[in-house]
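These notes concern the structure reproduced below.
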Amino acid sequence: MTMKTVFKKTSGLTDKPTHYCPGCTHGVIHRLVGEVLEEMDILEDTIGVASVGCSVLSYEYFNCDMTQAAHGRAPAVATGVKRVLPNRFVFTYQGDGDLASIGISEVIHAAARGENITVIFVNNAIYGMTGGQMAPTTLIGQKTATTPFGRDVSIQGSPIKVCEMISTLDGAAYIERVSAHDVPHIQKVKKAIRKAFETQKKGLGFSLIEVLSTCPTNWGLDPAESLDWVKDNMVPVYPLGVYKNKEGVK
Amino acid sequence: MGKVLMKGNEVIAEAAVHAGCKYFFGYPITPQSELVAYMARRLPEAGGVFLQAESEIAAINMVYGAAGTGVRVMTSSSSPGFSLKQEGISYLVGSELPAVICNIVRGGPGLGNIQPAQSDYFQVTKGGGHGDYNIPVLAPASLQEIVELTQDAFDIADRYRTPVILMGDGMLGQMMEPVEFGERSETEQFKKEWATTGTRGDGGPKIITSLELDAESLEERNRNLQRKFARIKENEVRYETYLIDDADYIMVAFGTVARITLNAINKARREGVKVGLIRPISLWPFPEKPFIETRGRVKGFISVEMSAGQMIEDIRLAVNGFAPVDFFGRTGGVVPTQEEIYDKIMSVAGGVTV
């Protein structure tokens with residue numbers, strides 16, 4: 001009797017076990033990116049750019065050519081790759097400290113140039129790798145290692161809303177915010193990632209998918225509580241939806 | 001192709017194109033802006049890409065991305081902008097990516113000014129960024145030499161998978177001289193199997209990274225880097241000497257300062273003072289050989305620099321106490337004159353007090 005394969009791991013990921021904490025949604029988001037690359041049959045034509053932070057080792061997990069960028073500079077590195085190889089797919093995978101703090105300039109200018117790359121922006125409102133410090137996306141009142149009394153607008157200012165900001169730029173072609181906090185939303189994450197790579201395939205310009213994500217370790221919550229925390233606290237501040245779809249990509 | 005009259009900054013750019021560089025990522029800064037503007041016109045017609053980055057930081061990281069695909073790529077800047085590139089240069093070294101970075105040095109520290117200087121010597125020859133490393137540094141003294149050394153810079157970069165720095169001062173960038181762009185007969189072929197261009201047809205993912213979390217593994221990587229630096233020291237030393245065989249005193253100068261010093265030497269020779277010149281062309285690796293070979297017969301050395309005295313430290317290491325090492329320098333963008341260098345020679349070597 002032959003068994004029918006009903007599910008298998010995507011060829012978009014290597015067999016290397018990930019180092020992510022239990023309950024962290026990086027693993028889910030990695031898999032979705034891998035599945036999209038596999039389904040579009042572009043794994044062999046893709047160069048990924050890993051950033052600095054928890055996902056720095058993503059270059060060991062994505063099953064395509066990978067390069068590792070300095071903190072915040074992934075969109076600049078991706079620009080260098082794409083300008084030499086305009087017919088390849090180029091994506092960056094960045095967290096909120098990397099993209100929205102130290103790398104905000106690089107992502108804004110890559111978008112403004114209409115750089116034909118895809119940015120996967122994983123926002124969990126905190127620095128994970130360095131031990132739970134405030135990020136630009138940390139919520140008002142949220143306690144972190146560097147906001148022990150909660151983020152105070154009068155001291156640390158307000159969260160940066162990346163999709164809202166980037167979508168004002170003419171070079172931005174597809175900008176969407178999604179969330180990885182439950183199965184229906186995870187399916188939307190995959191659709192969004194697919195649309196971003198389709199945008200790149202059509203040569204329409206810059207695409208960015210912001211994925212609201214968890215950090216149970218640094219939030220001090222268990223995995224299930226963390227998913228609820230995204231839904232209850234992050235989604236109201238960071239509304240989900242398509243912020244830019246310049247060419248009506250479906 | 002005959003001789004053409006060009007500005008130094010443009011010669012660097014055209015020489016890079018002749019060396020097969022088709023990609024340039026830069027940011028405007030005086031006194032090297034002509035280089036960027038030349039590339040903006042020239043590269044599209046050469047079938048390449050010029051991109052003005054939003055900052056020097058972005059530019060060097062675009063270079064990192066392009067270098068990872070295996071093409072010849074370049075950026076250029078001047079002192080304050082070059083400082084901003086240091087993190088990216090350290091990453092290029094750590095990830096073993098070839099690239100050429102030009103630094104047309106101006107007066108510092110801080111914003112300083114836009115006049116010629118050599119005060120980034122420490123920065124370019126002693127690593128400059130974080131981590132244990134050195135980078136080959138070539139310092140041309142004439143526009144024709146720029147043509148040769150720019151080609152050499154790209155070859156060295158590919159041969160050793162390392163960034164290479166081309167260092168000039170603002171004077172070299174701004175001056176005009178006739179140059180000839182000869183085609184090189186022998187072209188070394190460089191295979192770049194490590195390049196990340198997509199895995200189609202090459203059997204599996206490649207990774208470019210400078211990260212190595214395990215201490216023992218990183219130490220091994222660092223040992224490999226040190227072995228590479230040792231090979232560069234063995235093979236890539238460049239220098240020129242002038243009248244050192246009978247010299248009692250030897251001047252040491254590089255770049256445009258060496259040309260002014262040469263004139264001062266000729267004047268002193270006419271006065272009967274036996275003085276010669278060592279002109280380091282590779283600032284790293286520093287040419288130790290002529291200092292070792294002249295031990296025992298030279299009464300002293302004089303370093304002439306457009307800085308408060310930086311190369312003098314390398315000279316002292318090479319001389320190793322066998323002779324006194326004197327210094328004459330101007331800073332802040334002041335170019336030393338032939339007369340003041342001559343006076344320095346005479347005060348040290350001529351037995352006269354000036």
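Going through the structure tokens in order, the chains are called A, B, and so on, while each chain numbers its residues from 1 and the ligands are numbered from 1 in the order shown.
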Quick one: residues within 12 Å of A:Gln94, only C-alpha atoms counted, chain neighbours fewer than 3 positions away excluded, as an MDAnalysis selection string?
-> chainID A and resid 26 29:30 48:59 68:75 78 91 97:104 106:107 118:124 127 208:211
Closest pair table for chain B residues within 8 Å of chain A, only C-alpha atoms, as a Markdown table:
```
| residue | atom | partner | partner_atom | distance |
| --- | --- | --- | --- | --- |
| B:Tyr23 | CA | A:Val84 | CA | 7.7 |
| B:Val49 | CA | A:Arg83 | CA | 7.1 |
| B:Glu54 | CA | A:His109 | CA | 6.7 |
| B:Ala58 | CA | A:Ala76 | CA | 5.4 |
| B:Ala59 | CA | A:Ala76 | CA | 7.4 |
| B:Asn61 | CA | A:Val77 | CA | 5.1 |
| B:Met62 | CA | A:Gly80 | CA | 4.1 |
| B:Val63 | CA | A:Gly80 | CA | 6.0 |
| B:Tyr64 | CA | A:Val77 | CA | 6.1 |
| B:Gly65 | CA | A:Val77 | CA | 4.2 |
| B:Ala66 | CA | A:Gly80 | CA | 4.4 |
| B:Ala67 | CA | A:Gly80 | CA | 7.9 |
| B:Gly68 | CA | A:Val81 | CA | 7.3 |
| B:Thr69 | CA | A:Val81 | CA | 6.5 |
| B:Val71 | CA | A:Val84 | CA | 7.9 |
| B:Glu87 | CA | A:Ala70 | CA | 8.0 |
| B:Gly88 | CA | A:Ala70 | CA | 7.2 |
| B:Tyr91 | CA | A:Ala70 | CA | 7.2 |
| B:Thr196 | CA | A:Asp65 | CA | 5.5 |
| B:Thr197 | CA | A:Ile47 | CA | 6.8 |
| B:Gly198 | CA | A:Asp45 | CA | 4.6 |
| B:Thr199 | CA | A:Glu44 | CA | 4.6 |
| B:Arg200 | CA | A:Glu44 | CA | 4.7 |
| B:Gly204 | CA | A:Cys64 | CA | 7.4 |
| B:Pro205 | CA | A:Asp65 | CA | 4.6 |
| B:Lys206 | CA | A:Asp65 | CA | 4.9 |
| B:Ile207 | CA | A:Met66 | CA | 4.9 |
| B:Ile208 | CA | A:Thr67 | CA | 4.5 |
| B:Thr209 | CA | A:Gln68 | CA | 5.0 |
| B:Ser210 | CA | A:Gln68 | CA | 7.5 |
```
Would you save the residues of that selection, restricted to C-alpha atoms, as a PDB file, in the first residue's frame?
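Now in result_3.pdb:
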```
ATOM      1  CA  TYR B  23      28.940  49.412 -10.580  1.00  0.00           C
ATOM      2  CA  VAL B  49      24.902  51.105 -12.953  1.00  0.00           C
ATOM      3  CA  GLU B  54      21.177  58.369   0.570  1.00  0.00           C
ATOM      4  CA  ALA B  58      24.028  53.122   2.477  1.00  0.00           C
ATOM      5  CA  ALA B  59      26.619  53.414  -0.316  1.00  0.00           C
ATOM      6  CA  ASN B  61      26.335  48.565   2.065  1.00  0.00           C
ATOM      7  CA  MET B  62      25.146  48.703  -1.558  1.00  0.00           C
ATOM      8  CA  VAL B  63      28.752  47.934  -2.455  1.00  0.00           C
ATOM      9  CA  TYR B  64      28.566  44.961  -0.063  1.00  0.00           C
ATOM     10  CA  GLY B  65      25.443  43.673  -1.817  1.00  0.00           C
ATOM     11  CA  ALA B  66      26.875  44.133  -5.308  1.00  0.00           C
ATOM     12  CA  ALA B  67      30.256  42.656  -4.345  1.00  0.00           C
ATOM     13  CA  GLY B  68      28.425  39.572  -3.098  1.00  0.00           C
ATOM     14  CA  THR B  69      27.201  38.925  -6.639  1.00  0.00           C
ATOM     15  CA  VAL B  71      31.037  41.948  -9.928  1.00  0.00           C
ATOM     16  CA  GLU B  87      31.422  49.640   9.655  1.00  0.00           C
ATOM     17  CA  GLY B  88      30.655  48.461   6.132  1.00  0.00           C
ATOM     18  CA  TYR B  91      31.853  43.715   7.178  1.00  0.00           C
ATOM     19  CA  THR B 196      25.310  34.782  -4.343  1.00  0.00           C
ATOM     20  CA  THR B 197      23.594  35.020  -7.726  1.00  0.00           C
ATOM     21  CA  GLY B 198      20.818  32.476  -7.180  1.00  0.00           C
ATOM     22  CA  THR B 199      21.356  28.736  -6.937  1.00  0.00           C
ATOM     23  CA  ARG B 200      20.065  27.791 -10.397  1.00  0.00           C
ATOM     24  CA  GLY B 204      22.879  24.647  -3.485  1.00  0.00           C
ATOM     25  CA  PRO B 205      22.624  27.733  -1.350  1.00  0.00           C
ATOM     26  CA  LYS B 206      25.629  29.913  -0.707  1.00  0.00           C
ATOM     27  CA  ILE B 207      25.891  32.189   2.303  1.00  0.00           C
ATOM     28  CA  ILE B 208      27.824  35.420   2.671  1.00  0.00           C
ATOM     29  CA  THR B 209      28.261  36.362   6.312  1.00  0.00           C
ATOM     30  CA  SER B 210      30.777  37.625   8.836  1.00  0.00           C
TER      31      SER B 210
END
```
Within 12 Å of A:Leu32 using only C-alpha atoms, minus same-chain residues under 6 positions, as an NGL selection string | :A and (9-13 or 25-26 or 38-39 or 62 or 120 or 180 or 186-194 or 211)
Which residues, written as a list of chain:residue names, have at least one atom at most 9 Å from stretch 109-111 of chain B, with only C-alpha atoms counted and residues fewer than 6 positions away on the same chain left out?
->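 Answer for this query is B:Ser79, B:Pro80, B:Ser119, B:Gly332.
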When distances are computed from only C-alpha atoms, which of A:Ala145, A:Leu212, A:Ala196, A:Ala172 shows the smallest separation from A:Ser226?
->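 Smallest distance to A:Ser226 is found for A:Leu212.
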